[in-house]
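Structure file run05.cif with mmCIF, C-alpha atoms:
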data_data
#
loop_
_atom_site.label_atom_id
_atom_site.label_comp_id
_atom_site.auth_asym_id
_atom_site.auth_seq_id
_atom_site.Cartn_x
_atom_site.Cartn_y
_atom_site.Cartn_z
CA MET L 19 8.50 -141.50 -121.14
CA LYS L 20 8.97 -145.13 -120.10
CA PRO L 21 8.51 -145.70 -116.32
CA ILE L 22 11.80 -146.31 -114.47
CA ARG L 23 12.25 -149.37 -112.26
CA ARG L 24 15.99 -149.97 -111.61
CA VAL L 25 18.05 -147.35 -109.74
CA LEU L 26 21.70 -147.10 -108.70
CA LEU L 27 22.23 -144.91 -105.61
CA ARG L 28 25.28 -142.70 -104.98
CA GLY L 29 26.19 -139.95 -102.53
CA HIS L 30 24.98 -139.21 -98.99
CA GLU L 31 22.18 -140.74 -96.89
CA ILE L 32 21.95 -143.67 -99.30
CA GLU L 33 20.35 -146.09 -96.83
CA HIS L 34 17.54 -143.65 -96.04
CA CYS L 35 16.95 -143.11 -99.77
CA ARG L 36 17.15 -146.83 -100.47
CA ASP L 37 14.16 -147.38 -98.19
CA LEU L 38 12.23 -144.60 -99.94
CA PHE L 39 12.94 -146.01 -103.40
CA GLU L 40 12.20 -149.61 -102.49
CA ASN L 41 8.99 -148.71 -100.63
CA ALA L 42 7.88 -146.91 -103.81
CA GLY L 43 8.42 -150.09 -105.85
CA PHE L 44 11.89 -149.47 -107.30
CA GLN L 45 14.70 -152.01 -107.46
CA THR L 46 18.05 -150.68 -106.22
CA VAL L 47 20.99 -152.19 -108.12
CA SER L 48 24.75 -152.35 -107.52
CA PHE L 49 26.23 -151.78 -110.99
CA ILE L 50 25.83 -149.05 -113.59
CA GLU L 51 25.17 -151.66 -116.29
CA GLU L 52 22.01 -152.73 -114.44
CA ALA L 53 20.62 -149.24 -113.84
CA GLU L 54 18.00 -147.23 -115.74
CA VAL L 55 18.90 -144.13 -113.71
CA VAL L 56 21.60 -143.10 -111.23
CA ALA L 57 20.17 -141.23 -108.23
CA VAL L 58 22.83 -139.00 -106.62
CA VAL L 59 22.11 -137.61 -103.15
CA GLY L 60 24.08 -134.57 -101.97
CA GLY L 61 24.95 -131.00 -102.79
CA ASP L 62 26.07 -129.58 -106.14
CA GLY L 63 29.64 -130.77 -105.56
CA THR L 64 28.58 -134.37 -104.98
CA ILE L 65 26.25 -134.34 -107.99
CA LEU L 66 28.90 -132.73 -110.21
CA ARG L 67 31.52 -135.34 -109.26
CA ALA L 68 29.09 -138.13 -110.09
CA MET L 69 28.33 -136.51 -113.45
CA ASP L 70 32.06 -136.27 -114.19
CA ASP L 71 32.59 -139.91 -113.20
CA LEU L 72 29.74 -141.12 -115.41
CA LEU L 73 30.53 -139.08 -118.54
CA GLY L 74 30.21 -141.34 -121.54
CA SER L 75 27.51 -143.46 -119.93
CA SER L 76 24.04 -143.35 -121.44
CA VAL L 77 22.41 -143.75 -118.01
CA PRO L 78 20.71 -140.49 -116.90
CA ILE L 79 21.36 -138.91 -113.50
CA LEU L 80 18.69 -137.86 -111.02
CA GLY L 81 20.08 -135.24 -108.63
CA ILE L 82 18.59 -135.15 -105.12
CA ASN L 83 19.63 -132.10 -103.12
CA ALA L 84 20.86 -132.71 -99.59
CA GLY L 85 23.12 -129.66 -99.60
CA HIS L 86 22.65 -125.89 -99.77
CA LEU L 87 21.75 -124.52 -103.22
CA GLY L 88 21.34 -127.63 -105.34
CA PHE L 89 21.20 -126.05 -108.81
CA LEU L 90 22.10 -129.41 -110.38
CA ALA L 91 19.45 -131.33 -108.45
CA ASP L 92 16.00 -132.28 -109.68
CA CYS L 93 14.41 -132.25 -106.22
CA GLU L 94 15.01 -131.67 -102.54
CA LEU L 95 15.55 -134.72 -100.36
CA SER L 96 12.48 -133.73 -98.33
CA ALA L 97 10.32 -133.81 -101.50
CA LEU L 98 11.77 -136.94 -103.09
CA SER L 99 8.40 -138.73 -103.08
CA ASP L 100 7.08 -136.30 -105.73
CA SER L 101 9.92 -137.16 -108.11
CA LEU L 102 9.48 -140.89 -107.42
CA ASP L 103 5.85 -140.60 -108.48
CA CYS L 104 6.99 -138.97 -111.71
CA LEU L 105 9.51 -141.74 -112.42
CA ASN L 106 6.87 -144.37 -111.73
CA SER L 107 4.36 -142.76 -114.09
CA GLY L 108 6.79 -141.70 -116.83
CA ASP L 109 6.19 -137.98 -116.12
CA TYR L 110 9.78 -136.88 -116.65
CA MET L 111 12.17 -135.65 -119.34
CA ILE L 112 15.82 -136.36 -120.15
CA ASP L 113 17.87 -133.21 -120.70
CA GLN L 114 21.31 -133.38 -122.30
CA LEU L 115 23.80 -131.06 -120.59
CA PRO L 116 26.64 -129.87 -122.83
CA VAL L 117 30.20 -130.82 -121.92
CA LEU L 118 33.38 -128.80 -122.55
CA GLU L 119 36.77 -130.28 -123.32
CA THR L 120 40.36 -129.17 -123.78
CA VAL L 121 43.78 -130.73 -124.21
CA GLY L 122 46.46 -129.55 -121.78
CA PRO L 123 50.06 -128.79 -122.82
CA GLY L 124 51.05 -132.33 -121.81
CA GLY L 125 48.50 -133.86 -124.18
CA ILE L 126 46.03 -134.73 -121.42
CA ARG L 127 42.40 -134.42 -122.53
CA VAL L 128 39.97 -133.23 -119.85
CA ARG L 129 36.24 -132.58 -119.83
CA ALA L 130 34.03 -130.40 -117.66
CA LEU L 131 30.30 -129.83 -117.14
CA ASN L 132 30.54 -126.43 -115.46
CA GLU L 133 33.68 -124.65 -116.61
CA ILE L 134 37.25 -124.88 -117.84
CA CYS L 135 39.53 -122.09 -116.67
CA ILE L 136 43.08 -120.86 -116.39
CA ASN L 137 43.68 -119.59 -112.86
CA ARG L 138 46.75 -118.12 -111.22
CA CYS L 139 48.46 -119.98 -108.38
CA ALA L 140 48.53 -118.56 -104.85
CA GLU L 141 52.22 -117.72 -105.39
CA GLY L 142 51.57 -116.20 -108.81
CA GLY L 143 50.72 -112.68 -109.87
CA ILE L 144 48.43 -111.18 -112.48
CA LEU L 145 48.09 -113.06 -115.78
CA HIS L 146 48.02 -111.63 -119.29
CA ILE L 147 45.94 -113.93 -121.49
CA ARG L 148 44.99 -113.34 -125.12
CA VAL L 149 41.51 -114.65 -125.99
CA TYR L 150 40.46 -115.85 -129.44
CA VAL L 151 37.01 -117.00 -130.58
CA ASP L 152 36.92 -118.98 -133.82
CA GLY L 153 40.40 -117.70 -134.67
CA ARG L 154 39.54 -114.02 -134.16
CA GLU L 155 41.20 -112.09 -131.36
CA VAL L 156 38.71 -110.79 -128.80
CA ALA L 157 40.77 -109.33 -125.97
CA LEU L 158 44.04 -109.29 -124.06
CA MET L 159 42.91 -109.89 -120.48
CA ALA L 160 44.99 -108.83 -117.48
CA SER L 161 43.38 -110.71 -114.61
CA ASP L 162 43.61 -113.60 -112.16
CA GLY L 163 42.48 -115.87 -114.97
CA VAL L 164 39.74 -116.59 -117.47
CA MET L 165 37.08 -119.29 -117.86
CA VAL L 166 34.62 -120.79 -120.30
CA SER L 167 31.31 -121.82 -118.67
CA THR L 168 28.33 -123.82 -119.87
CA PRO L 169 24.77 -122.63 -119.18
CA SER L 170 24.43 -125.25 -116.42
CA GLY L 171 27.70 -123.95 -114.97
CA SER L 172 26.61 -120.30 -115.18
CA THR L 173 25.38 -120.37 -111.56
CA ALA L 174 28.72 -121.71 -110.29
CA TYR L 175 32.16 -120.03 -110.53
CA ASN L 176 30.95 -117.85 -113.41
CA LEU L 177 28.25 -116.28 -111.22
CA SER L 178 30.79 -115.58 -108.44
CA CYS L 179 32.95 -113.75 -111.00
CA GLY L 180 30.10 -111.51 -112.17
CA GLY L 181 29.00 -113.54 -115.16
CA PRO L 182 25.35 -113.82 -116.27
CA VAL L 183 22.89 -116.55 -115.34
CA LEU L 184 21.86 -118.47 -118.46
CA HIS L 185 18.87 -120.71 -119.04
CA PRO L 186 20.23 -124.28 -119.29
CA ASN L 187 18.64 -124.85 -122.73
CA LEU L 188 20.55 -122.03 -124.44
CA PRO L 189 23.14 -123.26 -127.02
CA VAL L 190 25.87 -120.89 -125.82
CA VAL L 191 28.89 -120.61 -123.52
CA ILE L 192 30.25 -117.70 -121.49
CA VAL L 193 33.82 -116.34 -121.51
CA THR L 194 34.41 -114.64 -118.16
CA SER L 195 37.50 -112.85 -116.87
CA ILE L 196 38.41 -113.63 -113.23
CA CYS L 197 39.05 -110.45 -111.19
CA PRO L 198 40.02 -108.37 -114.25
CA HIS L 199 42.41 -105.42 -113.95
CA LEU L 200 40.10 -103.35 -116.18
CA LEU L 201 36.41 -103.05 -115.30
CA ALA L 202 35.65 -102.82 -119.02
CA LEU L 203 36.53 -106.52 -119.39
CA ARG L 204 33.01 -107.90 -119.14
CA PRO L 205 31.80 -111.48 -119.77
CA ILE L 206 30.82 -112.32 -123.33
CA VAL L 207 28.37 -114.97 -124.56
CA VAL L 208 29.31 -116.91 -127.71
CA PRO L 209 27.77 -119.88 -129.59
CA LEU L 210 28.28 -123.31 -128.11
CA SER L 211 29.89 -124.39 -131.38
CA SER L 212 32.70 -121.82 -130.98
CA GLU L 213 36.37 -122.72 -130.66
CA ILE L 214 37.81 -120.64 -127.81
CA ARG L 215 41.59 -120.35 -127.51
CA PHE L 216 43.57 -118.92 -124.60
CA GLU L 217 47.21 -117.89 -125.03
CA VAL L 218 49.23 -117.07 -121.90
CA ILE L 219 51.26 -113.98 -122.83
CA ARG L 220 52.75 -113.31 -119.40
CA ALA L 221 52.60 -115.03 -116.02
CA THR L 222 54.57 -113.91 -112.98
CA GLY L 223 55.56 -116.33 -110.24
CA ARG L 224 54.50 -119.94 -110.63
CA ASP L 225 52.74 -121.12 -113.78
CA PRO L 226 48.92 -120.85 -113.68
CA LEU L 227 46.77 -123.97 -113.47
CA ILE L 228 44.25 -125.36 -115.92
CA LEU L 229 41.13 -126.26 -113.92
CA ALA L 230 38.21 -128.40 -115.09
CA ASP L 231 35.22 -128.10 -112.75
CA GLY L 232 37.57 -126.80 -110.07
CA THR L 233 40.11 -129.63 -110.33
CA ALA L 234 43.62 -129.40 -111.80
CA LYS L 235 43.36 -132.47 -114.01
CA CYS L 236 46.03 -131.52 -116.55
CA GLY L 237 48.50 -129.43 -114.57
CA ALA L 238 49.91 -125.99 -115.34
CA ILE L 239 50.33 -123.86 -118.44
CA ALA L 240 53.44 -121.78 -119.09
CA GLU L 241 54.05 -118.49 -120.84
CA GLY L 242 53.66 -118.83 -124.59
CA GLU L 243 51.47 -121.93 -124.37
CA THR L 244 47.84 -122.16 -125.46
CA ILE L 245 44.78 -124.27 -124.81
CA THR L 246 41.64 -124.54 -126.93
CA VAL L 247 38.22 -125.14 -125.36
CA VAL L 248 35.47 -126.68 -127.47
CA LYS L 249 32.17 -128.52 -127.03
CA ALA L 250 32.83 -132.22 -126.46
CA ASN L 251 31.22 -134.82 -128.72
CA LEU L 252 29.22 -136.18 -125.79
CA SER L 253 26.68 -134.83 -123.32
CA CYS L 254 25.48 -135.64 -119.81
CA PRO L 255 21.89 -136.96 -119.58
CA VAL L 256 19.94 -135.74 -116.53
CA VAL L 257 16.41 -136.47 -115.34
CA LYS L 258 13.94 -133.59 -115.00
CA THR L 259 10.60 -134.46 -113.45
CA GLY L 260 7.33 -132.58 -113.89
CA ARG L 261 7.73 -130.58 -110.68
CA ARG L 262 10.95 -128.95 -112.01
CA SER L 263 9.43 -127.50 -115.18
CA ASP L 264 9.39 -123.93 -113.79
CA TYR L 265 13.09 -123.01 -114.06
CA TYR L 266 12.57 -119.35 -113.17
CA SER L 267 10.68 -120.10 -109.98
CA MET L 268 13.44 -122.46 -108.91
CA LEU L 269 16.13 -119.89 -109.77
CA GLY L 270 14.46 -117.12 -107.77
CA LYS L 271 14.04 -119.41 -104.78
CA LYS L 272 17.66 -120.61 -104.84
CA LEU L 273 19.07 -117.09 -105.16
CA GLY L 274 16.66 -115.49 -102.71
CA TRP L 275 15.26 -113.01 -105.23
CA GLY L 276 11.85 -113.01 -103.52
CA TYR L 277 13.20 -111.33 -100.39
CA ARG L 278 14.18 -107.74 -99.64
CA GLY L 279 17.76 -107.15 -98.58
#
What would the structure in this file look like if it were written as C-alpha cells?
Amino acid sequence: MKPIRRVLLRGHEIEHCRDLFENAGFQTVSFIEEAEVVAVVGGDGTILRAMDDLLGSSVPILGINAGHLGFLADCELSALSDSLDCLNSGDYMIDQLPVLETVGPGGIRVRALNEICINRCAEGGILHIRVYVDGREVALMASDGVMVSTPSGSTAYNLSCGGPVLHPNLPVVIVTSICPHLLALRPIVVPLSSEIRFEVIRATGRDPLILADGTAKCGAIAEGETITVVKANLSCPVVKTGRRSDYYSMLGKKLGWGYRG
C-alpha cells in the first residue's frame, strides 16, 4: 500500500498522540479533506461515533485503543509506534466494514455499523415481533426486542444477548432476540444481502424504540408498524496494520479466553 503522510486526529489524548505522529514524520491536519487517514483515540464507543460521523467519506479510520476492550481499534495506545511504522512503510490493509440501514416509520433513514434493533422502553412490557427474512416468515418473537448485527458488531450488544462471535470478513448478519421469553429462540445467521423485516404485533406500555448503534435516531415504532433492515450501499473503510493480522489471538486476549475462571 502507499505510505501515509497526512493524519487527522480525533478522540482522547490528542496532544500526546500528535507528538507521536509528528515525531514519526507525519503531518497532522485540521480538515477531513486534507487527510489520508483519520486516527481516532479512545474506546470502542469513541471509535464507533467517529465511524458513524464519517460514513460516506472515503478516508479510512485508524482506531487507537485508549479504553477497555477496543475491538474496533487497530492497536493499543501503548503500542502505537508499531502501527506508525506500518503506515510509514505501507505495511497495512484497508478493510471495508459493512453498514446496515433502515427507514423509520417517520421516513427517517438511519445507518449503523454494529446493530439496528427494536428495544422496549423502560415503561414498556414484553414485545411480540414477527421476523421475516427475504419475505419469508422466520419467527414470532416474544422478547424485550430484536436486533440485526454485523460481524464487526457481533462482539457488542449481540454478544451480551448470547449471539455468536463472527469473523469480521464473513458476508453475513445475525438476527438476535433480546431476552426472549422462549429459550428456543436462538440467534440465526443469514446472508448479508438479506432483507430483514420486523413487524411489531403487540407492545404494552410505551412504544418501543428503534436504536441504531445504541442511539434512538428515528424514534419509536408502534403496534402494526414495520421496519426493514438491509445492507447499505456504502461501507466504512478501516486501517489494519501488519501487527493485527492474527484476529483469533486478538479475540482470545480481549475476551480473556487464555485464563482459567
Check your understanding: Out of L:Leu227, L:Leu201, L:Ile214, L:Val59, which residue has the shortest atom-to-atom distance to Tyr150 in chain L when counting all atoms listed in the file?
Key -> L:Ile214
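The result of the PyMOL selection byres ((chain L and resi 177-193) around 6) on the shown file is Met165, Val166, Ser167, Thr168, Pro169, Ser170, Ser172, Thr173, Ala174, Tyr175, Asn176, Thr194, Ile196, Pro205, Ile206, Val207, Val208, Pro209 and Leu210 of chain L.
Of the listed residues (L:Asn251, L:Ile239, L:Gly223, L:Glu54), L:Ile239 comes nearest to Gly125 in chain L; the distances count only C-alpha atoms.
Between CA of Ile65 in chain L and CA of Pro123 in chain L the separation is 28.6 Å.
Residues matched by the PyMOL selection byres ((chain L and resi 265) around 12) in this file are Phe89, Leu90, Ala91, Asp92, Ser170, Val183, Leu184, His185, Pro186, Asn187, Lys258, Thr259, Gly260, Arg261, Arg262, Ser263, Asp264, Tyr266, Ser267, Met268, Leu269, Gly270, Lys271 and Lys272 of chain L.
Residue nearest Ser101 in chain L, chosen from L:Ile126, L:Leu38, L:Ala53, L:Leu27 and counting all atoms listed in the file: L:Leu38.
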Keeping C-alpha atoms (and nothing else), can you write range 153-214 of chain L of this structure as a PDB file, in the first residue's frame?
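Saved file result.pdb follows:
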ATOM      1  CA  GLY L 153     -40.172 -12.103   2.625  1.00  0.00           C
ATOM      2  CA  ARG L 154     -40.367 -15.467   4.416  1.00  0.00           C
ATOM      3  CA  GLU L 155     -41.617 -15.596   7.990  1.00  0.00           C
ATOM      4  CA  VAL L 156     -38.987 -16.917  10.404  1.00  0.00           C
ATOM      5  CA  ALA L 157     -40.447 -16.473  13.879  1.00  0.00           C
ATOM      6  CA  LEU L 158     -42.831 -14.619  16.157  1.00  0.00           C
ATOM      7  CA  MET L 159     -40.551 -13.440  18.954  1.00  0.00           C
ATOM      8  CA  ALA L 160     -41.843 -12.596  22.425  1.00  0.00           C
ATOM      9  CA  SER L 161     -38.948 -10.715  23.989  1.00  0.00           C
ATOM     10  CA  ASP L 162     -37.538  -7.368  25.082  1.00  0.00           C
ATOM     11  CA  GLY L 163     -36.669  -6.725  21.450  1.00  0.00           C
ATOM     12  CA  VAL L 164     -34.723  -7.970  18.459  1.00  0.00           C
ATOM     13  CA  MET L 165     -31.616  -6.821  16.589  1.00  0.00           C
ATOM     14  CA  VAL L 166     -29.667  -7.258  13.378  1.00  0.00           C
ATOM     15  CA  SER L 167     -25.880  -7.177  13.888  1.00  0.00           C
ATOM     16  CA  THR L 168     -22.934  -7.007  11.512  1.00  0.00           C
ATOM     17  CA  PRO L 169     -19.871  -9.228  12.019  1.00  0.00           C
ATOM     18  CA  SER L 170     -17.932  -6.241  13.398  1.00  0.00           C
ATOM     19  CA  GLY L 171     -20.845  -5.620  15.777  1.00  0.00           C
ATOM     20  CA  SER L 172     -21.042  -9.268  16.862  1.00  0.00           C
ATOM     21  CA  THR L 173     -18.818  -8.565  19.892  1.00  0.00           C
ATOM     22  CA  ALA L 174     -21.045  -5.687  21.059  1.00  0.00           C
ATOM     23  CA  TYR L 175     -24.737  -5.845  22.077  1.00  0.00           C
ATOM     24  CA  ASN L 176     -25.177  -9.113  20.161  1.00  0.00           C
ATOM     25  CA  LEU L 177     -22.564 -10.856  22.321  1.00  0.00           C
ATOM     26  CA  SER L 178     -24.230  -9.583  25.519  1.00  0.00           C
ATOM     27  CA  CYS L 179     -27.513 -11.110  24.304  1.00  0.00           C
ATOM     28  CA  GLY L 180     -25.980 -14.535  23.680  1.00  0.00           C
ATOM     29  CA  GLY L 181     -25.264 -14.144  19.988  1.00  0.00           C
ATOM     30  CA  PRO L 182     -22.224 -15.703  18.271  1.00  0.00           C
ATOM     31  CA  VAL L 183     -18.884 -14.032  17.606  1.00  0.00           C
ATOM     32  CA  LEU L 184     -18.305 -13.750  13.857  1.00  0.00           C
ATOM     33  CA  HIS L 185     -15.096 -13.190  11.946  1.00  0.00           C
ATOM     34  CA  PRO L 186     -15.307  -9.641  10.514  1.00  0.00           C
ATOM     35  CA  ASN L 187     -14.733 -10.848   6.923  1.00  0.00           C
ATOM     36  CA  LEU L 188     -17.839 -13.062   6.828  1.00  0.00           C
ATOM     37  CA  PRO L 189     -20.575 -11.769   4.436  1.00  0.00           C
ATOM     38  CA  VAL L 190     -23.407 -12.368   6.918  1.00  0.00           C
ATOM     39  CA  VAL L 191     -25.525 -10.690   9.606  1.00  0.00           C
ATOM     40  CA  ILE L 192     -27.030 -12.035  12.820  1.00  0.00           C
ATOM     41  CA  VAL L 193     -30.676 -11.794  13.941  1.00  0.00           C
ATOM     42  CA  THR L 194     -30.721 -11.988  17.735  1.00  0.00           C
ATOM     43  CA  SER L 195     -33.665 -11.906  20.129  1.00  0.00           C
ATOM     44  CA  ILE L 196     -33.153  -9.741  23.245  1.00  0.00           C
ATOM     45  CA  CYS L 197     -34.084 -11.590  26.461  1.00  0.00           C
ATOM     46  CA  PRO L 198     -36.522 -13.961  24.703  1.00  0.00           C
ATOM     47  CA  HIS L 199     -39.497 -15.459  26.547  1.00  0.00           C
ATOM     48  CA  LEU L 200     -38.715 -18.858  24.991  1.00  0.00           C
ATOM     49  CA  LEU L 201     -35.213 -20.308  25.295  1.00  0.00           C
ATOM     50  CA  ALA L 202     -35.721 -21.966  21.907  1.00  0.00           C
ATOM     51  CA  LEU L 203     -35.485 -18.535  20.235  1.00  0.00           C
ATOM     52  CA  ARG L 204     -31.818 -18.664  19.320  1.00  0.00           C
ATOM     53  CA  PRO L 205     -29.813 -16.255  17.126  1.00  0.00           C
ATOM     54  CA  ILE L 206     -29.745 -17.023  13.412  1.00  0.00           C
ATOM     55  CA  VAL L 207     -27.100 -16.092  10.839  1.00  0.00           C
ATOM     56  CA  VAL L 208     -28.301 -15.020   7.380  1.00  0.00           C
ATOM     57  CA  PRO L 209     -26.573 -13.656   4.239  1.00  0.00           C
ATOM     58  CA  LEU L 210     -25.531 -10.025   4.284  1.00  0.00           C
ATOM     59  CA  SER L 211     -27.641  -9.479   1.170  1.00  0.00           C
ATOM     60  CA  SER L 212     -30.843 -10.456   3.023  1.00  0.00           C
ATOM     61  CA  GLU L 213     -33.784  -8.118   3.557  1.00  0.00           C
ATOM     62  CA  ILE L 214     -34.866  -8.456   7.198  1.00  0.00           C
TER      63      ILE L 214
END
